[in-house]
>>> print(open('final.cif').read())   # mmCIF, C-alpha atoms, pLDDT in the B column; chains and numbers go by the auth columns
data_target
loop_
_atom_site.group_PDB
_atom_site.id
_atom_site.type_symbol
_atom_site.label_atom_id
_atom_site.label_comp_id
_atom_site.label_asym_id
_atom_site.label_seq_id
_atom_site.Cartn_x
_atom_site.Cartn_y
_atom_site.Cartn_z
_atom_site.B_iso_or_equiv
_atom_site.auth_seq_id
_atom_site.auth_asym_id
ATOM 1 C CA MET A 1 200.146 -20.735 -21.562 68.00 1 T
ATOM 2 C CA ASN A 2 198.535 -18.823 -24.474 76.00 2 T
ATOM 3 C CA GLY A 3 195.277 -20.680 -23.895 81.00 3 T
ATOM 4 C CA ARG A 4 195.153 -19.598 -20.274 86.00 4 T
ATOM 5 C CA ILE A 5 195.700 -15.969 -21.235 85.00 5 T
ATOM 6 C CA ALA A 6 192.880 -16.193 -23.777 84.00 6 T
ATOM 7 C CA VAL A 7 190.523 -17.799 -21.240 86.00 7 T
ATOM 8 C CA VAL A 8 191.352 -15.197 -18.568 85.00 8 T
ATOM 9 C CA GLY A 9 190.901 -12.437 -21.175 84.00 9 T
ATOM 10 C CA ILE A 10 187.472 -13.770 -22.160 88.00 10 T
ATOM 11 C CA ILE A 11 186.358 -14.107 -18.517 89.00 11 T
ATOM 12 C CA VAL A 12 187.573 -10.601 -17.613 86.00 12 T
ATOM 13 C CA THR A 13 185.913 -9.117 -20.705 91.00 13 T
ATOM 14 C CA GLY A 14 182.646 -10.898 -19.858 90.00 14 T
ATOM 15 C CA LEU A 15 182.740 -9.651 -16.257 90.00 15 T
ATOM 16 C CA VAL A 16 183.461 -6.064 -17.294 84.00 16 T
ATOM 17 C CA ALA A 17 180.709 -6.164 -19.924 85.00 17 T
ATOM 18 C CA GLY A 18 178.234 -7.615 -17.403 86.00 18 T
ATOM 19 C CA LEU A 19 179.067 -4.979 -14.788 84.00 19 T
ATOM 20 C CA LEU A 20 178.782 -2.223 -17.375 85.00 20 T
ATOM 21 C CA MET A 21 175.402 -3.527 -18.546 85.00 21 T
ATOM 22 C CA TYR A 22 174.151 -3.715 -14.942 81.00 22 T
ATOM 23 C CA TYR A 23 175.314 -0.155 -14.254 77.00 23 T
ATOM 24 C CA MET A 24 173.636 1.149 -17.401 74.00 24 T
ATOM 25 C CA GLN A 25 170.319 -0.526 -16.565 74.00 25 T
ATOM 26 C CA VAL A 26 170.194 0.433 -12.895 71.00 26 T
ATOM 27 C CA TYR A 27 171.990 3.784 -12.665 70.00 27 T
ATOM 28 C CA ALA A 28 173.197 5.387 -15.896 73.00 28 T
ATOM 29 C CA TYR A 29 169.990 6.553 -17.546 78.00 29 T
ATOM 30 C CA TYR A 30 168.027 7.560 -14.435 82.00 30 T
ATOM 31 C CA ALA A 31 168.064 11.053 -12.992 85.00 31 T
ATOM 32 C CA GLU A 32 166.166 12.636 -10.159 91.00 32 T
ATOM 33 C CA VAL A 33 163.640 15.139 -11.455 91.00 33 T
ATOM 34 C CA SER A 34 162.017 18.096 -9.730 92.00 34 T
ATOM 35 C CA VAL A 35 158.358 18.882 -9.225 92.00 35 T
ATOM 36 C CA GLU A 36 158.676 21.632 -11.849 92.00 36 T
ATOM 37 C CA GLN A 37 160.128 19.236 -14.423 92.00 37 T
ATOM 38 C CA VAL A 38 157.301 16.762 -13.866 90.00 38 T
ATOM 39 C CA GLY A 39 154.508 19.324 -13.670 91.00 39 T
ATOM 40 C CA GLY A 40 153.430 18.424 -10.142 93.00 40 T
ATOM 41 C CA VAL A 41 150.870 15.783 -9.297 96.00 41 T
ATOM 42 C CA GLN A 42 147.696 15.835 -11.354 97.00 42 T
ATOM 43 C CA LEU A 43 144.658 13.599 -11.710 97.00 43 T
ATOM 44 C CA VAL A 44 142.060 13.534 -14.492 97.00 44 T
ATOM 45 C CA SER A 45 138.778 15.125 -13.383 97.00 45 T
ATOM 46 C CA VAL A 46 135.548 13.166 -13.900 96.00 46 T
ATOM 47 C CA VAL A 47 133.848 16.473 -14.789 96.00 47 T
ATOM 48 C CA SER A 48 136.252 18.067 -17.260 95.00 48 T
ATOM 49 C CA GLY A 49 138.179 15.002 -18.434 94.00 49 T
ATOM 50 C CA GLU A 50 141.364 17.053 -18.056 96.00 50 T
ATOM 51 C CA PRO A 51 144.259 16.681 -15.609 96.00 51 T
ATOM 52 C CA GLU A 52 143.947 18.938 -12.558 96.00 52 T
ATOM 53 C CA PRO A 53 146.606 19.551 -9.904 96.00 53 T
ATOM 54 C CA ILE A 54 146.060 18.065 -6.444 97.00 54 T
ATOM 55 C CA LEU A 55 147.637 18.997 -3.124 96.00 55 T
ATOM 56 C CA PHE A 56 150.841 17.086 -2.351 97.00 56 T
ATOM 57 C CA GLU A 57 154.037 17.185 -0.286 96.00 57 T
ATOM 58 C CA ASP A 58 157.329 15.303 0.015 96.00 58 T
ATOM 59 C CA PHE A 59 157.678 14.799 -3.738 97.00 59 T
ATOM 60 C CA LYS A 60 160.530 12.611 -4.998 97.00 60 T
ATOM 61 C CA ALA A 61 160.834 11.358 -8.586 95.00 61 T
ATOM 62 C CA ILE A 62 163.154 9.771 -11.113 94.00 62 T
ATOM 63 C CA ASP A 63 162.905 9.652 -14.879 91.00 63 T
ATOM 64 C CA SER A 64 164.917 8.796 -17.940 87.00 64 T
ATOM 65 C CA ASN A 65 164.828 10.113 -21.461 82.00 65 T
ATOM 66 C CA SER A 66 165.659 6.616 -22.740 81.00 66 T
ATOM 67 C CA SER A 67 162.119 5.305 -22.127 83.00 67 T
ATOM 68 C CA PRO A 68 158.792 6.720 -20.980 86.00 68 T
ATOM 69 C CA LEU A 69 158.344 3.651 -18.761 87.00 69 T
ATOM 70 C CA ARG A 70 161.163 4.683 -16.419 88.00 70 T
ATOM 71 C CA PHE A 71 159.248 7.459 -14.624 94.00 71 T
ATOM 72 C CA ARG A 72 158.482 6.840 -10.919 96.00 72 T
ATOM 73 C CA ALA A 73 157.406 9.248 -8.196 97.00 73 T
ATOM 74 C CA CYS A 74 156.542 9.180 -4.507 97.00 74 T
ATOM 75 C CA PHE A 75 154.631 11.831 -2.577 97.00 75 T
ATOM 76 C CA THR A 76 152.034 12.357 0.125 97.00 76 T
ATOM 77 C CA THR A 77 148.670 14.062 -0.138 97.00 77 T
ATOM 78 C CA PRO A 78 146.317 15.352 2.561 97.00 78 T
ATOM 79 C CA LEU A 79 143.280 14.546 0.395 96.00 79 T
ATOM 80 C CA SER A 80 141.065 11.659 1.471 95.00 80 T
ATOM 81 C CA LEU A 81 140.376 8.662 -0.755 95.00 81 T
ATOM 82 C CA ALA A 82 136.651 9.461 -0.527 94.00 82 T
ATOM 83 C CA THR A 83 137.212 12.922 -2.011 95.00 83 T
ATOM 84 C CA LEU A 84 139.604 11.618 -4.649 97.00 84 T
ATOM 85 C CA THR A 85 137.353 8.769 -5.824 96.00 85 T
ATOM 86 C CA GLU A 86 134.392 11.125 -6.221 96.00 86 T
ATOM 87 C CA THR A 87 136.392 13.736 -8.103 96.00 87 T
ATOM 88 C CA TYR A 88 138.900 11.926 -10.309 97.00 88 T
ATOM 89 C CA VAL A 89 138.927 9.146 -12.928 97.00 89 T
ATOM 90 C CA LEU A 90 139.848 5.701 -11.595 97.00 90 T
ATOM 91 C CA ASP A 91 142.254 3.422 -13.446 96.00 91 T
ATOM 92 C CA ASP A 92 141.264 -0.233 -13.088 92.00 92 T
ATOM 93 C CA ASP A 93 144.214 -1.468 -15.188 90.00 93 T
ATOM 94 C CA ALA A 94 146.977 0.036 -13.050 95.00 94 T
ATOM 95 C CA MET A 95 150.015 -2.185 -12.670 94.00 95 T
ATOM 96 C CA PRO A 96 153.137 -0.618 -11.147 96.00 96 T
ATOM 97 C CA LEU A 97 156.480 -1.457 -12.670 90.00 97 T
ATOM 98 C CA THR A 98 159.598 -2.236 -10.662 90.00 98 T
ATOM 99 C CA THR A 99 162.196 0.431 -10.064 88.00 99 T
ATOM 100 C CA PRO A 100 165.891 0.440 -9.231 88.00 100 T
ATOM 101 C CA SER A 101 166.535 -0.614 -5.652 87.00 101 T
ATOM 102 C CA TRP A 102 168.232 2.695 -4.863 89.00 102 T
ATOM 103 C CA PHE A 103 164.899 4.530 -5.376 91.00 103 T
ATOM 104 C CA ASP A 104 163.641 3.031 -2.156 92.00 104 T
ATOM 105 C CA CYS A 105 160.403 4.982 -1.640 95.00 105 T
ATOM 106 C CA PHE A 106 158.736 3.065 -4.504 96.00 106 T
ATOM 107 C CA ASP A 107 157.931 -0.616 -3.871 96.00 107 T
ATOM 108 C CA ALA A 108 156.095 -1.905 -6.939 96.00 108 T
ATOM 109 C CA GLN A 109 155.233 -5.248 -5.324 96.00 109 T
ATOM 110 C CA ALA A 110 153.640 -3.620 -2.262 97.00 110 T
ATOM 111 C CA ILE A 111 151.781 -1.080 -4.407 97.00 111 T
ATOM 112 C CA GLY A 112 150.511 -3.813 -6.743 97.00 112 T
ATOM 113 C CA ASP A 113 149.382 -5.963 -3.819 97.00 113 T
ATOM 114 C CA ALA A 114 147.561 -2.979 -2.268 97.00 114 T
ATOM 115 C CA LEU A 115 145.816 -2.233 -5.563 97.00 115 T
ATOM 116 C CA GLU A 116 144.702 -5.862 -5.907 96.00 116 T
ATOM 117 C CA SER A 117 143.390 -6.003 -2.345 96.00 117 T
ATOM 118 C CA GLY A 118 141.607 -2.656 -2.661 95.00 118 T
ATOM 119 C CA GLU A 119 143.700 -1.015 0.037 97.00 119 T
ATOM 120 C CA ALA A 120 145.072 1.529 -2.470 97.00 120 T
ATOM 121 C CA VAL A 121 143.188 3.164 -5.326 97.00 121 T
ATOM 122 C CA ALA A 122 144.613 3.955 -8.766 98.00 122 T
ATOM 123 C CA PHE A 123 143.751 7.058 -10.767 98.00 123 T
ATOM 124 C CA LEU A 124 144.463 8.226 -14.291 97.00 124 T
ATOM 125 C CA ALA A 125 146.837 11.165 -13.955 97.00 125 T
ATOM 126 C CA GLN A 126 147.359 11.953 -17.630 95.00 126 T
ATOM 127 C CA LYS A 127 146.347 10.132 -20.789 93.00 127 T
ATOM 128 C CA ASP A 128 149.074 9.865 -23.440 91.00 128 T
ATOM 129 C CA ILE A 129 151.737 11.710 -21.467 91.00 129 T
ATOM 130 C CA HIS A 130 153.914 10.249 -24.229 89.00 130 T
ATOM 131 C CA TYR A 131 152.187 8.657 -27.210 90.00 131 T
ATOM 132 C CA GLY A 132 150.880 5.269 -26.066 90.00 132 T
ATOM 133 C CA PHE A 133 151.753 5.804 -22.391 93.00 133 T
ATOM 134 C CA ASP A 134 149.591 7.059 -19.520 95.00 134 T
ATOM 135 C CA ARG A 135 150.671 8.420 -16.169 96.00 135 T
ATOM 136 C CA VAL A 136 148.975 6.535 -13.329 98.00 136 T
ATOM 137 C CA VAL A 137 148.822 7.455 -9.642 98.00 137 T
ATOM 138 C CA ALA A 138 148.045 5.094 -6.754 98.00 138 T
ATOM 139 C CA ILE A 139 147.045 6.542 -3.396 98.00 139 T
ATOM 140 C CA PHE A 140 146.820 4.786 -0.033 98.00 140 T
ATOM 141 C CA PRO A 141 144.363 5.711 2.733 97.00 141 T
ATOM 142 C CA ASP A 142 147.193 7.258 4.773 96.00 142 T
ATOM 143 C CA GLY A 143 147.958 9.713 1.941 96.00 143 T
ATOM 144 C CA ARG A 144 151.009 8.006 0.475 97.00 144 T
ATOM 145 C CA GLY A 145 150.990 8.353 -3.294 98.00 145 T
ATOM 146 C CA PHE A 146 152.970 6.782 -6.100 98.00 146 T
ATOM 147 C CA ALA A 147 153.091 7.615 -9.802 97.00 147 T
ATOM 148 C CA TRP A 148 154.429 5.773 -12.845 97.00 148 T
ATOM 149 C CA HIS A 149 153.902 5.479 -16.580 96.00 149 T
ATOM 150 C CA GLN A 150 152.380 2.433 -18.206 95.00 150 T
ATOM 151 C CA ILE A 151 151.547 1.499 -21.767 93.00 151 T
ATOM 152 C CA ASN A 152 147.909 2.029 -22.744 91.00 152 T
ATOM 153 C CA ALA A 153 145.735 0.012 -25.161 88.00 153 T
ATOM 154 C CA CYS A 154 146.581 2.259 -28.130 87.00 154 T
ATOM 155 C CA GLY A 155 150.304 2.013 -27.450 88.00 155 T
ATOM 156 C CA ALA A 156 150.167 -1.752 -26.980 87.00 156 T
ATOM 157 C CA GLU A 157 148.612 -2.227 -30.423 86.00 157 T
ATOM 158 C CA VAL A 158 150.834 0.254 -32.252 85.00 158 T
ATOM 159 C CA PHE A 159 154.078 -0.914 -30.637 83.00 159 T
ATOM 160 C CA ASP A 160 153.176 -4.505 -31.557 83.00 160 T
ATOM 161 C CA GLY A 161 153.304 -3.354 -35.198 82.00 161 T
ATOM 162 C CA ASN A 162 149.559 -3.125 -35.758 84.00 162 T
ATOM 163 C CA PRO A 163 147.769 -0.133 -37.271 85.00 163 T
ATOM 164 C CA VAL A 164 146.430 2.566 -34.958 85.00 164 T
ATOM 165 C CA PRO A 165 143.111 1.237 -33.580 84.00 165 T
ATOM 166 C CA ALA A 166 139.856 3.152 -33.954 86.00 166 T
ATOM 167 C CA GLY A 167 139.379 5.681 -31.194 82.00 167 T
ATOM 168 C CA CYS A 168 143.100 6.195 -30.671 85.00 168 T
ATOM 169 C CA PRO A 169 144.925 9.420 -31.482 85.00 169 T
ATOM 170 C CA PRO A 170 147.072 9.341 -34.623 84.00 170 T
ATOM 171 C CA MET A 171 150.763 8.635 -34.186 82.00 171 T
ATOM 172 C CA PRO A 172 152.851 11.815 -34.021 78.00 172 T
ATOM 173 C CA GLU A 173 154.827 12.640 -37.150 71.00 173 T
ATOM 174 C CA GLY A 174 158.247 11.004 -37.192 60.00 174 T
ATOM 175 C CA SER A 175 157.225 8.242 -34.766 60.00 175 T
ATOM 176 C CA GLN A 176 156.214 5.739 -37.388 55.00 176 T
#
>>> encode(input="final.cif", output="structure tokens")
Amino acid sequence: MNGRIAVVGIIVTGLVAGLLMYYMQVYAYYAEVSVEQVGGVQLVSVVSGEPEPILFEDFKAIDSNSSPLRFRACFTTPLSLATLTETYVLDDDAMPLTTPSWFDCFDAQAIGDALESGEAVAFLAQKDIHYGFDRVVAIFPDGRGFAWHQINACGAEVFDGNPVPAGCPPMPEGSQ
């Protein structure tokens, strides 16, 4: 009888721990953020090399202070891809990351497929929005836009434990 109680206790503890871990990964650390909190939608200008705001509507975003990689946003823009590609810096290494299923406006697989096929175009929105992470925006011909953060070359090297590569900004104090 005592063995059965121990087995049931272990199974129940494992189930509760698994459910808690799932909840923490999918819901607990995410929060919806406003346009003001995010700073709007910006793209890096080919002329100035600085982020500039673009026109957008229907903005929806989530973020987490537990990781810079958890930012995702959806919006629409009236600007044409022709105008955008002539005015803003392209990002050829864009690779959207998955998002919780409850944030249903962002489909990383569809965005990634569209980037690979050339249907959508990716732009650099802000370099080093957090040290080692860039904000990237993908825009479709119909004006749908999606934003996320991804690790950049400097961050990849540093977070692998290597020294800061030449041409990269120094690590912020207290980050090392």
>>> closest_residue(input="final.cif", among="T:Ala114, T:Ala138, T:Leu124, T:Val26", to="T:Ala73", atoms="only C-alpha atoms")
T:Ala138
>>> atom_distance(input="final.cif", atom1="atom CA of T:Gly18", atom2="atom CA of T:His149")
27.6 Å
>>> resolve_selection(input="final.cif", expression="the PyMOL selection byres ((chain T and resi 43-46) around 10)", output="ChimeraX atom specification")
/T:41-42,47-54,84-90,123-127,135-137
>>> residues_around(input="final.cif", residues="T:Gly143", least_positions_apart="5", cutoff="6 Å", atoms="all atoms listed in the file", output="CSV table (one decimal) with C-alpha atoms, keeping the file's coordinate frame")
chain,number,residue,atom,x,y,z
T,76,THR,CA,152.0,12.4,0.1
T,77,THR,CA,148.7,14.1,-0.1
T,78,PRO,CA,146.3,15.4,2.6
>>> residues_around(input="final.cif", residues="T:Ala31", least_positions_apart="5", cutoff="8 Å", atoms="all atoms listed in the file", output="VMD selection string")
chain T and resid 62 to 64
